[in-house]
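Engineer: After the structure tokens below, expect a handful of questions from me.
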Amino acid sequence: MTLRVLVVEDDPAIRALIQSSLSVEGFSVQTAVSVSEASALLRHALPDILLLDLGLPDGDGAVLVQEVRRHHSLPILVLSARHQEAQKVQLLDAGADDYLVKPFSVAELLARIRVALRHRGTSVTASVTVHELDDLRVDLTRHSVLCRGAELHLTPTEFKLLARLVRSAGRVVTHRALLTDVWGNEFTEHTHYLRLYMGQLRAKIELDPAEPRHLLTETGIGYRLAIS
């Protein structure tokens with residue numbers, strides 16, 4: 001299941017970094033740049049976790065902590081340049097699960113997200129983002145796929161499908177999970193999409209697509225990216 005994250009951050013560089021980093025990890029990311037935009041998104045659909053800056057153009061993000069806590073128990077992780085202890089304590093008492101002071105590393109942010117979700121009963125392990133076996137090397141962070149020494153050019157959907165398999169390298173990913181995570185909930189019955197794109201990936205990656213070495217079929221279940 002793809003976990004949904006709402007990132008409320010008005011700094012475009014920080015917002016883009018968080019969005020790209022979480023997307024690589026397999027999260028579905030929505031962004032907002034103001035209190036009003038975030039409130040509208042929260043009324044429409046609740047994310048699994050909220051990442052919240054405080055200094056927003058139309059108000060203080062602390063208002064959202066109180067608003068969300070009145071009705072929902074989803075984890076809230078505050079991201080702020082404000083480092084005063086009193087403010088941290090106030091926000092934690094108001095219902096925030098954690099407070100991360102800027103600047104922070106992506107690794108720490110991801111770890112804090114995993115902890116916050118785990119406290120709500122959702123177990124999340126760090127995703128595999130680099131896969132290497134024989135003549136294939138995939139680096140999700142760099143959006144790079146090397147095969148037999150050459151850079152492969154994948155379509156966005158092909159890369160998204162391969163990335164989903166990389167994040168679960170060595171484990172079977174069901175047809176339904178692949179269709180949901182790559183195409184969306186409304187495509188869970190469209191197995192012909194999966195066959196088509198898997199065929200295209202194998203044509204680009206495998207020496208012999210009829211006898212795949214990397215992209216393996218688990219008959220009647222799904223697909224698996226080989227790790228040995």
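Numbering starts fresh at 1 for the residues of each chain in the structure tokens, the chains themselves are lettered A, B, ... in the order given, and ligands are numbered from 1 as they appear.
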Need to verify the contact set: Ala81 (chain A), 8 Å, only C-alpha atoms, exclusion of same-chain residues closer than 6 positions in sequence. Can you return it as a PDB file with N, CA and C atoms, in the first residue's frame?

Structural biologist:
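Just written: out.pdb:
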```pdb
ATOM      1  N   VAL A 101      14.251  20.469  13.404  1.00  0.00           N
ATOM      2  CA  VAL A 101      14.773  21.821  13.155  1.00  0.00           C
ATOM      3  C   VAL A 101      15.552  21.852  11.844  1.00  0.00           C
ATOM      4  N   LYS A 102      15.241  22.845  11.012  1.00  0.00           N
ATOM      5  CA  LYS A 102      15.988  23.059   9.768  1.00  0.00           C
ATOM      6  C   LYS A 102      17.336  23.706  10.088  1.00  0.00           C
ATOM      7  N   PRO A 103      18.381  23.388   9.315  1.00  0.00           N
ATOM      8  CA  PRO A 103      18.400  22.399   8.226  1.00  0.00           C
ATOM      9  C   PRO A 103      18.516  20.977   8.787  1.00  0.00           C
TER      10      PRO A 103
END
```

Engineer: Quick one: residues within 9 Å of Leu100 (chain A), only C-alpha atoms, excluding same-chain residues fewer than 2 positions away - as a VMD selection string?

Structural biologist: chain A and resid 77 to 81 83 98 102 to 104 108 to 109 112

Engineer: Which residues are near Val7 (chain A)? Cut-off 10 Å, only C-alpha atoms, ignore same chain within fewer than 4 positions. Put them as a list of chain:residue names.

Structural biologist: A:Arg15, A:Ala16, A:Ile18, A:Gln19, A:Val29, A:Gln30, A:Thr31, A:Ala32, A:Val33, A:Ala38, A:Pro47, A:Ile49, A:Leu50, A:Leu51, A:Leu52, A:Asp53, A:Leu77, A:Leu79

Engineer: Mind dumping the selected residues with C-alpha atoms as a compact mmCIF listing (two decimals), in the first residue's frame?

Structural biologist:
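Contents of part_4.txt, as written:
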```
# COMPACT_ATOMS: atom_id res chain seq x y z
CA ARG A 15 9.49 21.54 -0.89
CA ALA A 16 10.99 20.09 -4.07
CA ILE A 18 11.26 16.70 0.29
CA GLN A 19 8.85 15.75 -2.51
CA VAL A 29 3.24 13.14 -2.03
CA GLN A 30 0.91 16.12 -2.10
CA THR A 31 2.17 19.62 -1.41
CA ALA A 32 0.67 22.88 -0.16
CA VAL A 33 2.24 26.30 0.28
CA ALA A 38 -3.41 22.69 3.32
CA PRO A 47 -2.93 11.79 4.28
CA ILE A 49 1.22 11.75 7.73
CA LEU A 50 1.47 15.55 7.69
CA LEU A 51 4.83 17.37 7.34
CA LEU A 52 4.32 20.97 8.37
CA ASP A 53 6.36 24.15 8.18
CA LEU A 77 5.85 16.20 11.98
CA LEU A 79 9.66 21.17 10.16
```

Engineer: With distances taken over only C-alpha atoms, which residue among A:Val115, A:Val8, A:Val182, A:Leu110 lies nearest Ala62 (chain A)?

Structural biologist: A:Val8

Engineer: Counting only C-alpha atoms, which residue out of A:Glu158, A:Thr141, A:Thr174, A:Ser228 sits closest to Gly199 (chain A)?

Structural biologist: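 Selected residue with least distance to Gly199 (chain A): A:Glu158.
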
Engineer: List the neighbours of Leu154 (chain A) out to 12 Å using only C-alpha atoms; skip same-chain residues closer than 3 positions along the sequence, and give me the result as a PyMOL selection string.

Structural biologist: chain A and resi 138+143-147+151+157-163+197-198+200-205

Engineer: Find the distance between CA of Arg43 (chain A) and CA of Val24 (chain A) and write it in Å to one decimal.

Structural biologist: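 Distance between the two atoms: 26.5 Å.
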
Engineer: Which residues, written as a PDB file with N, CA and C atoms, in the first residue's frame, have at least one atom at most 12 Å from region 63-72 of chain A, with only C-alpha atoms counted and residues fewer than 3 positions away on the same chain left out?

Structural biologist:
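Output (part_37.pdb):
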```
ATOM      1  N   VAL A   8       3.497  20.591   3.764  1.00  0.00           N
ATOM      2  CA  VAL A   8       3.077  21.999   3.779  1.00  0.00           C
ATOM      3  C   VAL A   8       4.333  22.836   3.988  1.00  0.00           C
ATOM      4  N   SER A  34       0.460  26.989   1.801  1.00  0.00           N
ATOM      5  CA  SER A  34      -0.184  27.907   2.734  1.00  0.00           C
ATOM      6  C   SER A  34      -1.112  27.136   3.675  1.00  0.00           C
ATOM      7  N   VAL A  35      -1.528  27.797   4.734  1.00  0.00           N
ATOM      8  CA  VAL A  35      -2.476  27.203   5.679  1.00  0.00           C
ATOM      9  C   VAL A  35      -3.798  26.914   4.987  1.00  0.00           C
ATOM     10  N   SER A  36      -4.280  27.867   4.183  1.00  0.00           N
ATOM     11  CA  SER A  36      -5.583  27.699   3.526  1.00  0.00           C
ATOM     12  C   SER A  36      -5.562  26.556   2.523  1.00  0.00           C
ATOM     13  N   GLU A  37      -4.474  26.439   1.755  1.00  0.00           N
ATOM     14  CA  GLU A  37      -4.385  25.343   0.781  1.00  0.00           C
ATOM     15  C   GLU A  37      -4.305  23.995   1.493  1.00  0.00           C
ATOM     16  N   ALA A  38      -3.528  23.934   2.558  1.00  0.00           N
ATOM     17  CA  ALA A  38      -3.412  22.685   3.319  1.00  0.00           C
ATOM     18  C   ALA A  38      -4.754  22.298   3.930  1.00  0.00           C
ATOM     19  N   SER A  39      -5.483  23.268   4.471  1.00  0.00           N
ATOM     20  CA  SER A  39      -6.785  22.987   5.072  1.00  0.00           C
ATOM     21  C   SER A  39      -7.748  22.418   4.042  1.00  0.00           C
ATOM     22  N   ALA A  40      -7.726  22.981   2.835  1.00  0.00           N
ATOM     23  CA  ALA A  40      -8.601  22.493   1.763  1.00  0.00           C
ATOM     24  C   ALA A  40      -8.254  21.056   1.399  1.00  0.00           C
ATOM     25  N   LEU A  41      -6.969  20.755   1.299  1.00  0.00           N
ATOM     26  CA  LEU A  41      -6.552  19.392   0.963  1.00  0.00           C
ATOM     27  C   LEU A  41      -6.922  18.411   2.071  1.00  0.00           C
ATOM     28  N   LEU A  42      -6.788  18.842   3.314  1.00  0.00           N
ATOM     29  CA  LEU A  42      -7.122  17.972   4.442  1.00  0.00           C
ATOM     30  C   LEU A  42      -8.616  17.692   4.510  1.00  0.00           C
ATOM     31  N   ARG A  43      -9.423  18.657   4.109  1.00  0.00           N
ATOM     32  CA  ARG A  43     -10.873  18.429   4.080  1.00  0.00           C
ATOM     33  C   ARG A  43     -11.259  17.453   2.979  1.00  0.00           C
ATOM     34  N   ALA A  45      -9.186  14.941   1.549  1.00  0.00           N
ATOM     35  CA  ALA A  45      -8.702  13.576   1.823  1.00  0.00           C
ATOM     36  C   ALA A  45      -7.562  13.641   2.827  1.00  0.00           C
ATOM     37  N   LEU A  46      -7.614  12.780   3.816  1.00  0.00           N
ATOM     38  CA  LEU A  46      -6.574  12.770   4.838  1.00  0.00           C
ATOM     39  C   LEU A  46      -5.344  11.997   4.359  1.00  0.00           C
ATOM     40  N   PRO A  47      -4.148  12.556   4.569  1.00  0.00           N
ATOM     41  CA  PRO A  47      -2.929  11.790   4.285  1.00  0.00           C
ATOM     42  C   PRO A  47      -2.642  10.825   5.430  1.00  0.00           C
ATOM     43  N   ASP A  48      -1.612  10.016   5.260  1.00  0.00           N
ATOM     44  CA  ASP A  48      -1.177   9.134   6.343  1.00  0.00           C
ATOM     45  C   ASP A  48      -0.266   9.863   7.323  1.00  0.00           C
ATOM     46  N   ILE A  49       0.367  10.946   6.858  1.00  0.00           N
ATOM     47  CA  ILE A  49       1.219  11.751   7.731  1.00  0.00           C
ATOM     48  C   ILE A  49       1.287  13.164   7.166  1.00  0.00           C
ATOM     49  N   LEU A  50       1.400  14.138   8.065  1.00  0.00           N
ATOM     50  CA  LEU A  50       1.473  15.548   7.692  1.00  0.00           C
ATOM     51  C   LEU A  50       2.844  16.090   8.074  1.00  0.00           C
ATOM     52  N   LEU A  51       3.558  16.681   7.095  1.00  0.00           N
ATOM     53  CA  LEU A  51       4.827  17.365   7.344  1.00  0.00           C
ATOM     54  C   LEU A  51       4.551  18.859   7.228  1.00  0.00           C
ATOM     55  N   LEU A  52       4.848  19.613   8.262  1.00  0.00           N
ATOM     56  CA  LEU A  52       4.319  20.968   8.368  1.00  0.00           C
ATOM     57  C   LEU A  52       5.379  21.998   8.740  1.00  0.00           C
ATOM     58  N   ASP A  53       5.553  22.979   7.860  1.00  0.00           N
ATOM     59  CA  ASP A  53       6.360  24.148   8.178  1.00  0.00           C
ATOM     60  C   ASP A  53       5.508  25.108   9.016  1.00  0.00           C
ATOM     61  N   LEU A  54       6.155  26.002   9.760  1.00  0.00           N
ATOM     62  CA  LEU A  54       5.399  26.922  10.612  1.00  0.00           C
ATOM     63  C   LEU A  54       5.189  28.294   9.968  1.00  0.00           C
ATOM     64  N   GLY A  55       6.239  28.843   9.363  1.00  0.00           N
ATOM     65  CA  GLY A  55       6.150  30.189   8.806  1.00  0.00           C
ATOM     66  C   GLY A  55       5.567  30.190   7.414  1.00  0.00           C
ATOM     67  N   LEU A  56       4.246  30.207   7.322  1.00  0.00           N
ATOM     68  CA  LEU A  56       3.559  30.162   6.032  1.00  0.00           C
ATOM     69  C   LEU A  56       3.018  31.538   5.664  1.00  0.00           C
ATOM     70  N   ASP A  58       0.187  32.826   4.820  1.00  0.00           N
ATOM     71  CA  ASP A  58      -1.116  33.308   5.306  1.00  0.00           C
ATOM     72  C   ASP A  58      -1.371  32.970   6.773  1.00  0.00           C
ATOM     73  N   GLY A  59      -0.321  32.617   7.498  1.00  0.00           N
ATOM     74  CA  GLY A  59      -0.524  32.323   8.911  1.00  0.00           C
ATOM     75  C   GLY A  59       0.525  31.367   9.448  1.00  0.00           C
ATOM     76  N   ASP A  60       0.369  31.028  10.702  1.00  0.00           N
ATOM     77  CA  ASP A  60       1.319  30.132  11.357  1.00  0.00           C
ATOM     78  C   ASP A  60       0.822  28.701  11.250  1.00  0.00           C
ATOM     79  N   PRO A  75      -0.309  11.256  12.227  1.00  0.00           N
ATOM     80  CA  PRO A  75       0.942  11.824  12.744  1.00  0.00           C
ATOM     81  C   PRO A  75       1.277  13.162  12.092  1.00  0.00           C
ATOM     82  N   ILE A  76       1.791  14.088  12.905  1.00  0.00           N
ATOM     83  CA  ILE A  76       2.179  15.423  12.436  1.00  0.00           C
ATOM     84  C   ILE A  76       3.640  15.645  12.791  1.00  0.00           C
ATOM     85  N   LEU A  77       4.433  15.924  11.789  1.00  0.00           N
ATOM     86  CA  LEU A  77       5.853  16.201  11.983  1.00  0.00           C
ATOM     87  C   LEU A  77       6.114  17.653  11.589  1.00  0.00           C
ATOM     88  N   VAL A  78       6.492  18.487  12.552  1.00  0.00           N
ATOM     89  CA  VAL A  78       6.760  19.901  12.302  1.00  0.00           C
ATOM     90  C   VAL A  78       8.192  20.067  11.797  1.00  0.00           C
ATOM     91  N   GLN A  90       5.557  23.641  23.253  1.00  0.00           N
ATOM     92  CA  GLN A  90       4.178  24.082  23.032  1.00  0.00           C
ATOM     93  C   GLN A  90       3.525  23.302  21.898  1.00  0.00           C
ATOM     94  N   LEU A  91       4.254  23.112  20.810  1.00  0.00           N
ATOM     95  CA  LEU A  91       3.685  22.395  19.659  1.00  0.00           C
ATOM     96  C   LEU A  91       3.521  20.911  19.952  1.00  0.00           C
ATOM     97  N   LEU A  92       4.475  20.330  20.662  1.00  0.00           N
ATOM     98  CA  LEU A  92       4.343  18.920  21.029  1.00  0.00           C
ATOM     99  C   LEU A  92       3.157  18.715  21.967  1.00  0.00           C
ATOM    100  N   ASP A  93       2.969  19.650  22.886  1.00  0.00           N
ATOM    101  CA  ASP A  93       1.820  19.572  23.786  1.00  0.00           C
ATOM    102  C   ASP A  93       0.505  19.786  23.031  1.00  0.00           C
ATOM    103  N   ALA A  94       0.562  20.567  21.940  1.00  0.00           N
ATOM    104  CA  ALA A  94      -0.647  20.844  21.158  1.00  0.00           C
ATOM    105  C   ALA A  94      -1.038  19.663  20.260  1.00  0.00           C
ATOM    106  N   GLY A  95      -0.114  18.687  20.124  1.00  0.00           N
ATOM    107  CA  GLY A  95      -0.482  17.501  19.361  1.00  0.00           C
ATOM    108  C   GLY A  95       0.480  17.078  18.280  1.00  0.00           C
ATOM    109  N   ALA A  96       1.548  17.851  18.050  1.00  0.00           N
ATOM    110  CA  ALA A  96       2.552  17.416  17.073  1.00  0.00           C
ATOM    111  C   ALA A  96       3.272  16.176  17.611  1.00  0.00           C
ATOM    112  N   ASP A  97       3.634  15.263  16.710  1.00  0.00           N
ATOM    113  CA  ASP A  97       4.321  14.037  17.120  1.00  0.00           C
ATOM    114  C   ASP A  97       5.825  14.239  17.233  1.00  0.00           C
ATOM    115  N   ASP A  98       6.356  15.174  16.430  1.00  0.00           N
ATOM    116  CA  ASP A  98       7.803  15.372  16.425  1.00  0.00           C
ATOM    117  C   ASP A  98       8.084  16.771  15.886  1.00  0.00           C
ATOM    118  N   TYR A  99       9.304  17.243  16.137  1.00  0.00           N
ATOM    119  CA  TYR A  99       9.700  18.593  15.738  1.00  0.00           C
ATOM    120  C   TYR A  99      11.118  18.495  15.208  1.00  0.00           C
TER     121      TYR A  99
END
```

Engineer: Could you pull out the helix (DSSP H, G or I) residues of region 22-155 of chain A, going by DSSP on the backbone, and write them as number ranges by chain?

Structural biologist: A: 22-24, 35-44, 62-71, 85-94, 106-118

Engineer: Create the file for the chosen residues now, containing C-alpha atoms and written as a short mmCIF file (atom, residue, chain, number, x, y, z; two decimals), in the first residue's frame.

Structural biologist:
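Written file, again.cif:
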```cif
data_model
loop_
_atom_site.label_atom_id
_atom_site.label_comp_id
_atom_site.auth_asym_id
_atom_site.auth_seq_id
_atom_site.Cartn_x
_atom_site.Cartn_y
_atom_site.Cartn_z
CA LEU A 22 9.78 10.90 -0.47
CA SER A 23 8.73 9.91 -3.99
CA VAL A 24 11.93 7.89 -4.37
CA VAL A 35 -2.48 27.20 5.68
CA SER A 36 -5.58 27.70 3.53
CA GLU A 37 -4.39 25.34 0.78
CA ALA A 38 -3.41 22.69 3.32
CA SER A 39 -6.78 22.99 5.07
CA ALA A 40 -8.60 22.49 1.76
CA LEU A 41 -6.55 19.39 0.96
CA LEU A 42 -7.12 17.97 4.44
CA ARG A 43 -10.87 18.43 4.08
CA HIS A 44 -10.79 16.60 0.76
CA ALA A 62 0.70 25.85 14.44
CA VAL A 63 -2.95 26.63 13.65
CA LEU A 64 -3.07 23.50 11.51
CA VAL A 65 -1.73 21.35 14.35
CA GLN A 66 -4.65 22.41 16.52
CA GLU A 67 -7.16 22.10 13.67
CA VAL A 68 -6.08 18.59 12.71
CA ARG A 69 -5.87 17.38 16.31
CA ARG A 70 -9.47 18.40 17.01
CA HIS A 71 -10.68 15.76 14.56
CA GLU A 85 12.70 25.02 23.31
CA ALA A 86 9.51 26.68 24.57
CA GLN A 87 7.98 26.65 21.09
CA LYS A 88 8.91 23.00 20.55
CA VAL A 89 7.29 22.05 23.85
CA GLN A 90 4.18 24.08 23.03
CA LEU A 91 3.69 22.39 19.66
CA LEU A 92 4.34 18.92 21.03
CA ASP A 93 1.82 19.57 23.79
CA ALA A 94 -0.65 20.84 21.16
CA VAL A 106 16.91 13.65 4.25
CA ALA A 107 18.03 10.51 6.10
CA GLU A 108 16.94 11.95 9.44
CA LEU A 109 13.62 13.14 8.00
CA LEU A 110 12.88 9.68 6.63
CA ALA A 111 13.81 8.06 9.94
CA ARG A 112 11.51 10.44 11.86
CA ILE A 113 8.68 9.67 9.43
CA ARG A 114 9.14 5.93 9.96
CA VAL A 115 9.08 6.40 13.75
CA ALA A 116 5.94 8.58 13.65
CA LEU A 117 4.12 6.06 11.45
CA ARG A 118 5.28 3.14 13.59
#
```

Engineer: Extract, using only C-alpha atoms, all DNA, RNA and protein residues at most 12 Å from Trp183 (chain A), discarding same-chain residues fewer than 3 positions from it, and format them as a list in words.

Structural biologist: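 In the requested format, the answer is Thr2, Ser28, Pro156, Thr157, Glu158, Lys160, Leu161, Arg164, His175, Arg176, Ala177, Leu178, Leu179, Thr180, Glu186, Phe187, Thr188, Glu189, His190, Thr191, Tyr193, Leu194 and Tyr197 of chain A.
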
Engineer: DSSP on the backbone, then: every residue of region 37-196 of chain A marked strand (DSSP E), written as an NGL selection string.

Structural biologist: :A and (49-53 or 55-56 or 59-60 or 76-80 or 98-101 or 130-133 or 136-139 or 144-147 or 150-151 or 173-174)

Engineer: Quick one: write out the picked residues with N, CA and C atoms as an mmCIF file, in the first residue's frame?

Structural biologist:
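Written file, selection00.cif:
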```
data_model
loop_
_atom_site.group_PDB
_atom_site.id
_atom_site.type_symbol
_atom_site.label_atom_id
_atom_site.label_comp_id
_atom_site.auth_asym_id
_atom_site.auth_seq_id
_atom_site.Cartn_x
_atom_site.Cartn_y
_atom_site.Cartn_z
ATOM 1 N N ILE A 49 0.367 10.946 6.858
ATOM 2 C CA ILE A 49 1.219 11.751 7.731
ATOM 3 C C ILE A 49 1.287 13.164 7.166
ATOM 4 N N LEU A 50 1.400 14.138 8.065
ATOM 5 C CA LEU A 50 1.473 15.548 7.692
ATOM 6 C C LEU A 50 2.844 16.090 8.074
ATOM 7 N N LEU A 51 3.558 16.681 7.095
ATOM 8 C CA LEU A 51 4.827 17.365 7.344
ATOM 9 C C LEU A 51 4.551 18.859 7.228
ATOM 10 N N LEU A 52 4.848 19.613 8.262
ATOM 11 C CA LEU A 52 4.319 20.968 8.368
ATOM 12 C C LEU A 52 5.379 21.998 8.740
ATOM 13 N N ASP A 53 5.553 22.979 7.860
ATOM 14 C CA ASP A 53 6.360 24.148 8.178
ATOM 15 C C ASP A 53 5.508 25.108 9.016
ATOM 16 N N GLY A 55 6.239 28.843 9.363
ATOM 17 C CA GLY A 55 6.150 30.189 8.806
ATOM 18 C C GLY A 55 5.567 30.190 7.414
ATOM 19 N N LEU A 56 4.246 30.207 7.322
ATOM 20 C CA LEU A 56 3.559 30.162 6.032
ATOM 21 C C LEU A 56 3.018 31.538 5.664
ATOM 22 N N GLY A 59 -0.321 32.617 7.498
ATOM 23 C CA GLY A 59 -0.524 32.323 8.911
ATOM 24 C C GLY A 59 0.525 31.367 9.448
ATOM 25 N N ASP A 60 0.369 31.028 10.702
ATOM 26 C CA ASP A 60 1.319 30.132 11.357
ATOM 27 C C ASP A 60 0.822 28.701 11.250
ATOM 28 N N ILE A 76 1.791 14.088 12.905
ATOM 29 C CA ILE A 76 2.179 15.423 12.436
ATOM 30 C C ILE A 76 3.640 15.645 12.791
ATOM 31 N N LEU A 77 4.433 15.924 11.789
ATOM 32 C CA LEU A 77 5.853 16.201 11.983
ATOM 33 C C LEU A 77 6.114 17.653 11.589
ATOM 34 N N VAL A 78 6.492 18.487 12.552
ATOM 35 C CA VAL A 78 6.760 19.901 12.302
ATOM 36 C C VAL A 78 8.192 20.067 11.797
ATOM 37 N N LEU A 79 8.349 20.849 10.729
ATOM 38 C CA LEU A 79 9.659 21.167 10.165
ATOM 39 C C LEU A 79 9.828 22.679 10.259
ATOM 40 N N SER A 80 10.793 23.154 11.023
ATOM 41 C CA SER A 80 10.884 24.592 11.233
ATOM 42 C C SER A 80 12.310 25.024 11.518
ATOM 43 N N ASP A 98 6.356 15.174 16.430
ATOM 44 C CA ASP A 98 7.803 15.372 16.425
ATOM 45 C C ASP A 98 8.084 16.771 15.886
ATOM 46 N N TYR A 99 9.304 17.243 16.137
ATOM 47 C CA TYR A 99 9.700 18.593 15.738
ATOM 48 C C TYR A 99 11.118 18.495 15.208
ATOM 49 N N LEU A 100 11.311 18.808 13.937
ATOM 50 C CA LEU A 100 12.616 18.685 13.301
ATOM 51 C C LEU A 100 13.087 20.075 12.895
ATOM 52 N N VAL A 101 14.251 20.469 13.404
ATOM 53 C CA VAL A 101 14.773 21.821 13.155
ATOM 54 C C VAL A 101 15.552 21.852 11.844
ATOM 55 N N VAL A 130 19.003 1.757 -4.388
ATOM 56 C CA VAL A 130 20.039 1.390 -5.368
ATOM 57 C C VAL A 130 20.031 -0.125 -5.502
ATOM 58 N N HIS A 131 19.948 -0.592 -6.736
ATOM 59 C CA HIS A 131 19.939 -2.033 -7.003
ATOM 60 C C HIS A 131 21.036 -2.345 -8.007
ATOM 61 N N GLU A 132 21.821 -3.382 -7.700
ATOM 62 C CA GLU A 132 22.904 -3.757 -8.607
ATOM 63 C C GLU A 132 23.003 -5.267 -8.670
ATOM 64 N N LEU A 133 22.947 -5.802 -9.868
ATOM 65 C CA LEU A 133 23.111 -7.242 -10.080
ATOM 66 C C LEU A 133 23.639 -7.459 -11.489
ATOM 67 N N LEU A 136 23.260 -4.919 -14.493
ATOM 68 C CA LEU A 136 22.196 -3.938 -14.284
ATOM 69 C C LEU A 136 22.452 -3.141 -13.005
ATOM 70 N N ARG A 137 22.375 -1.818 -13.130
ATOM 71 C CA ARG A 137 22.471 -0.944 -11.949
ATOM 72 C C ARG A 137 21.389 0.120 -12.031
ATOM 73 N N VAL A 138 20.554 0.172 -10.987
ATOM 74 C CA VAL A 138 19.468 1.143 -10.932
ATOM 75 C C VAL A 138 19.673 2.020 -9.698
ATOM 76 N N ASP A 139 19.684 3.327 -9.910
ATOM 77 C CA ASP A 139 19.811 4.294 -8.812
ATOM 78 C C ASP A 139 18.582 5.196 -8.868
ATOM 79 N N SER A 144 18.622 6.939 -12.563
ATOM 80 C CA SER A 144 19.579 6.387 -13.521
ATOM 81 C C SER A 144 19.430 4.870 -13.623
ATOM 82 N N VAL A 145 19.459 4.358 -14.866
ATOM 83 C CA VAL A 145 19.443 2.915 -15.111
ATOM 84 C C VAL A 145 20.567 2.602 -16.088
ATOM 85 N N LEU A 146 21.552 1.834 -15.625
ATOM 86 C CA LEU A 146 22.667 1.408 -16.468
ATOM 87 C C LEU A 146 22.545 -0.077 -16.727
ATOM 88 N N CYS A 147 22.682 -0.458 -17.988
ATOM 89 C CA CYS A 147 22.608 -1.874 -18.345
ATOM 90 C C CYS A 147 23.683 -2.176 -19.378
ATOM 91 N N ALA A 150 25.675 0.814 -20.575
ATOM 92 C CA ALA A 150 25.017 1.911 -21.293
ATOM 93 C C ALA A 150 23.834 2.438 -20.486
ATOM 94 N N GLU A 151 23.602 3.741 -20.591
ATOM 95 C CA GLU A 151 22.458 4.364 -19.923
ATOM 96 C C GLU A 151 21.185 4.014 -20.680
ATOM 97 N N VAL A 173 6.036 -8.718 -5.761
ATOM 98 C CA VAL A 173 5.062 -7.628 -5.695
ATOM 99 C C VAL A 173 3.856 -8.067 -6.522
ATOM 100 N N THR A 174 2.690 -8.076 -5.915
ATOM 101 C CA THR A 174 1.506 -8.605 -6.589
ATOM 102 C C THR A 174 1.085 -7.711 -7.754
#
```

Engineer: Using Å and a single decimal, report how far CA of His153 (chain A) sits from CA of Phe27 (chain A).

Structural biologist: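 The value is 23.5 Å.
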
Engineer: CA of Leu225 (chain A) and CA of Thr155 (chain A) are how many Å apart?

Structural biologist: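 According to the coordinates, CA of Leu225 (chain A) and CA of Thr155 (chain A) are separated by 18.6 Å.
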
Engineer: Which residue out of A:Val172, A:Ile227, A:Ile14, A:Leu196 has the minimum interatomic distance to Asp134 (chain A) when only C-alpha atoms are used?

Structural biologist: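 That would be A:Ile227, the residue with the smallest distance to Asp134 (chain A).
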